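**Student:** Pasting a structure here, questions to come.
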Amino acid sequence: MTHQDTPALKKPTEAELEILRALWSKGSATVRDVYDVLSQERPMGYTTVLKTMQIMLEKGLVSRTEAGKAHIYAAAMREEDMQGQLLQDLSDKLFSGSPALLAMHALSMQPASDEEIQLIKALIERKRGA
């Protein structure tokens, strides 16, 4: 399946991405668990987190199961898959679908560490061999 065949991604808002990051780090969590993580970073209301997670459920960004009286939420997509789809969308919109232009622009924004440069070189070598 190419990215053109992929169903349209319901793009998460910034607040939804914060919740997804919390879920990706925890695996699955209750609204209270997510609220506890997020409220350490900045002040927010429990009901705001709850409502946002309900919207995310409707958008298909999270799944929900019941464990007794508690609702357990999990991200509907792996973090790597979400990153890939969002980057593909960005590449299509800003760089005419060119991964090389996207990579060159990203690398020109700030210096890469020696370790990151080695990882990039290894990726390039793998792509050459593919």
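Labels used: A, B, ... for chains in the order of the structure tokens, numbers from 1 for residues in each chain, and numbers from 1 for ligands as shown.
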List the spatial neighbours of A:Val49 as a list in words - criterion: any atom at most 12 Å away, only C-alpha atoms, same-chain residues fewer than 4 positions off excluded.
**Tutor:**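 Selected residues are Ala15, Glu16, Leu17, Glu18, Ile19, Leu20, Ala22, Thr30, Val31, Arg32, Asp33, Val34, Tyr35, Asp36, Val37, Leu38, Ser39, Pro43, Met44, Gly45, Met53, Gln54, Ile55 and Met56 of chain A.
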**Student:** For the residues in the current selection, export N, CA and C atoms as a PDB file, in the first residue's frame.
**Tutor:**
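Output saved as result.pdb:
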```pdb
ATOM      1  N   ALA A  15      -2.716  19.614  21.166  1.00  0.00           N
ATOM      2  CA  ALA A  15      -3.158  19.023  22.434  1.00  0.00           C
ATOM      3  C   ALA A  15      -3.326  17.509  22.294  1.00  0.00           C
ATOM      4  N   GLU A  16      -3.861  17.065  21.159  1.00  0.00           N
ATOM      5  CA  GLU A  16      -4.030  15.632  20.933  1.00  0.00           C
ATOM      6  C   GLU A  16      -2.682  14.933  20.825  1.00  0.00           C
ATOM      7  N   LEU A  17      -1.696  15.598  20.222  1.00  0.00           N
ATOM      8  CA  LEU A  17      -0.355  15.018  20.149  1.00  0.00           C
ATOM      9  C   LEU A  17       0.251  14.863  21.543  1.00  0.00           C
ATOM     10  N   GLU A  18       0.011  15.818  22.421  1.00  0.00           N
ATOM     11  CA  GLU A  18       0.494  15.700  23.804  1.00  0.00           C
ATOM     12  C   GLU A  18      -0.099  14.452  24.455  1.00  0.00           C
ATOM     13  N   ILE A  19      -1.387  14.232  24.257  1.00  0.00           N
ATOM     14  CA  ILE A  19      -2.053  13.063  24.827  1.00  0.00           C
ATOM     15  C   ILE A  19      -1.500  11.788  24.197  1.00  0.00           C
ATOM     16  N   LEU A  20      -1.313  11.795  22.883  1.00  0.00           N
ATOM     17  CA  LEU A  20      -0.753  10.619  22.220  1.00  0.00           C
ATOM     18  C   LEU A  20       0.649  10.313  22.748  1.00  0.00           C
ATOM     19  N   ALA A  22       1.788  10.887  25.694  1.00  0.00           N
ATOM     20  CA  ALA A  22       1.603  10.275  27.013  1.00  0.00           C
ATOM     21  C   ALA A  22       1.173   8.813  26.866  1.00  0.00           C
ATOM     22  N   THR A  30      -5.674   5.406  31.794  1.00  0.00           N
ATOM     23  CA  THR A  30      -6.962   6.044  32.046  1.00  0.00           C
ATOM     24  C   THR A  30      -6.810   7.541  31.781  1.00  0.00           C
ATOM     25  N   VAL A  31      -7.923   8.226  31.739  1.00  0.00           N
ATOM     26  CA  VAL A  31      -7.890   9.683  31.586  1.00  0.00           C
ATOM     27  C   VAL A  31      -7.106  10.292  32.755  1.00  0.00           C
ATOM     28  N   ARG A  32      -7.316   9.773  33.953  1.00  0.00           N
ATOM     29  CA  ARG A  32      -6.605  10.288  35.143  1.00  0.00           C
ATOM     30  C   ARG A  32      -5.097  10.136  34.968  1.00  0.00           C
ATOM     31  N   ASP A  33      -4.655   8.970  34.464  1.00  0.00           N
ATOM     32  CA  ASP A  33      -3.220   8.739  34.241  1.00  0.00           C
ATOM     33  C   ASP A  33      -2.653   9.775  33.268  1.00  0.00           C
ATOM     34  N   VAL A  34      -3.365  10.001  32.171  1.00  0.00           N
ATOM     35  CA  VAL A  34      -2.914  10.966  31.166  1.00  0.00           C
ATOM     36  C   VAL A  34      -2.919  12.371  31.757  1.00  0.00           C
ATOM     37  N   TYR A  35      -3.974  12.708  32.473  1.00  0.00           N
ATOM     38  CA  TYR A  35      -4.059  14.019  33.122  1.00  0.00           C
ATOM     39  C   TYR A  35      -2.879  14.227  34.066  1.00  0.00           C
ATOM     40  N   ASP A  36      -2.542  13.203  34.867  1.00  0.00           N
ATOM     41  CA  ASP A  36      -1.430  13.319  35.813  1.00  0.00           C
ATOM     42  C   ASP A  36      -0.107  13.607  35.092  1.00  0.00           C
ATOM     43  N   VAL A  37       0.107  12.957  33.954  1.00  0.00           N
ATOM     44  CA  VAL A  37       1.330  13.193  33.175  1.00  0.00           C
ATOM     45  C   VAL A  37       1.343  14.607  32.611  1.00  0.00           C
ATOM     46  N   LEU A  38       0.253  14.994  31.961  1.00  0.00           N
ATOM     47  CA  LEU A  38       0.208  16.291  31.278  1.00  0.00           C
ATOM     48  C   LEU A  38       0.209  17.470  32.243  1.00  0.00           C
ATOM     49  N   SER A  39      -0.445  17.326  33.390  1.00  0.00           N
ATOM     50  CA  SER A  39      -0.543  18.448  34.330  1.00  0.00           C
ATOM     51  C   SER A  39       0.801  18.733  35.003  1.00  0.00           C
ATOM     52  N   PRO A  43      -0.381  23.676  33.448  1.00  0.00           N
ATOM     53  CA  PRO A  43      -1.692  23.594  34.087  1.00  0.00           C
ATOM     54  C   PRO A  43      -2.792  23.312  33.058  1.00  0.00           C
ATOM     55  N   MET A  44      -3.666  22.389  33.398  1.00  0.00           N
ATOM     56  CA  MET A  44      -4.821  22.095  32.548  1.00  0.00           C
ATOM     57  C   MET A  44      -5.869  21.402  33.397  1.00  0.00           C
ATOM     58  N   GLY A  45      -7.094  21.436  32.928  1.00  0.00           N
ATOM     59  CA  GLY A  45      -8.187  20.839  33.670  1.00  0.00           C
ATOM     60  C   GLY A  45      -8.417  19.387  33.289  1.00  0.00           C
ATOM     61  N   MET A  53      -9.891  13.556  24.872  1.00  0.00           N
ATOM     62  CA  MET A  53      -9.748  12.120  24.616  1.00  0.00           C
ATOM     63  C   MET A  53     -11.030  11.531  24.019  1.00  0.00           C
ATOM     64  N   GLN A  54     -12.185  12.065  24.405  1.00  0.00           N
ATOM     65  CA  GLN A  54     -13.443  11.615  23.801  1.00  0.00           C
ATOM     66  C   GLN A  54     -13.492  11.997  22.322  1.00  0.00           C
ATOM     67  N   ILE A  55     -13.035  13.195  21.996  1.00  0.00           N
ATOM     68  CA  ILE A  55     -12.973  13.634  20.600  1.00  0.00           C
ATOM     69  C   ILE A  55     -11.996  12.764  19.821  1.00  0.00           C
ATOM     70  N   MET A  56     -10.865  12.453  20.447  1.00  0.00           N
ATOM     71  CA  MET A  56      -9.859  11.605  19.806  1.00  0.00           C
ATOM     72  C   MET A  56     -10.415  10.211  19.515  1.00  0.00           C
TER      73      MET A  56
END
```
**Student:** When you count only C-alpha atoms, which of these residues is closest to A:Ile72: A:Leu50, A:Ala106, A:Ala122, A:Leu101?
**Tutor:**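 The shortest atom-to-atom distance to A:Ile72 comes from A:Leu50.
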**Student:** Could you write out, as a PyMOL selection string, all the residues of stretch 20-71 of chain A that DSSP marks as strand (DSSP E or B)?
**Tutor:** chain A and resi 29+62-67+70-71
**Student:** Give me, as a PyMOL selection string, all polymer residues having an atom no more than 7 Å from A:Arg64, counting only C-alpha atoms and skipping those fewer than 2 positions away in the same chain.
**Tutor:** chain A and resi 62+66+71-74
**Student:** May I have the selected residues written with C-alpha atoms, as a short mmCIF file (atom, residue, chain, number, x, y, z; two decimals), in the first residue's frame?
**Tutor:**
```
data_model
loop_
_atom_site.label_atom_id
_atom_site.label_comp_id
_atom_site.auth_asym_id
_atom_site.auth_seq_id
_atom_site.Cartn_x
_atom_site.Cartn_y
_atom_site.Cartn_z
CA VAL A 62 -7.34 6.35 20.27
CA GLU A 66 -13.51 -0.97 29.78
CA HIS A 71 -12.02 3.32 30.66
CA ILE A 72 -8.56 2.43 29.39
CA TYR A 73 -7.31 4.37 26.38
CA ALA A 74 -4.53 3.46 23.96
#
```
**Student:** From the set A:Lys10, A:Ala75, A:Lys59, A:Thr65, which residue has the shortest atom-to-atom contact distance to A:Ser25, counting only C-alpha atoms?
**Tutor:**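 Nearest candidate to A:Ser25 out of A:Lys10, A:Ala75, A:Lys59, A:Thr65: A:Ala75.
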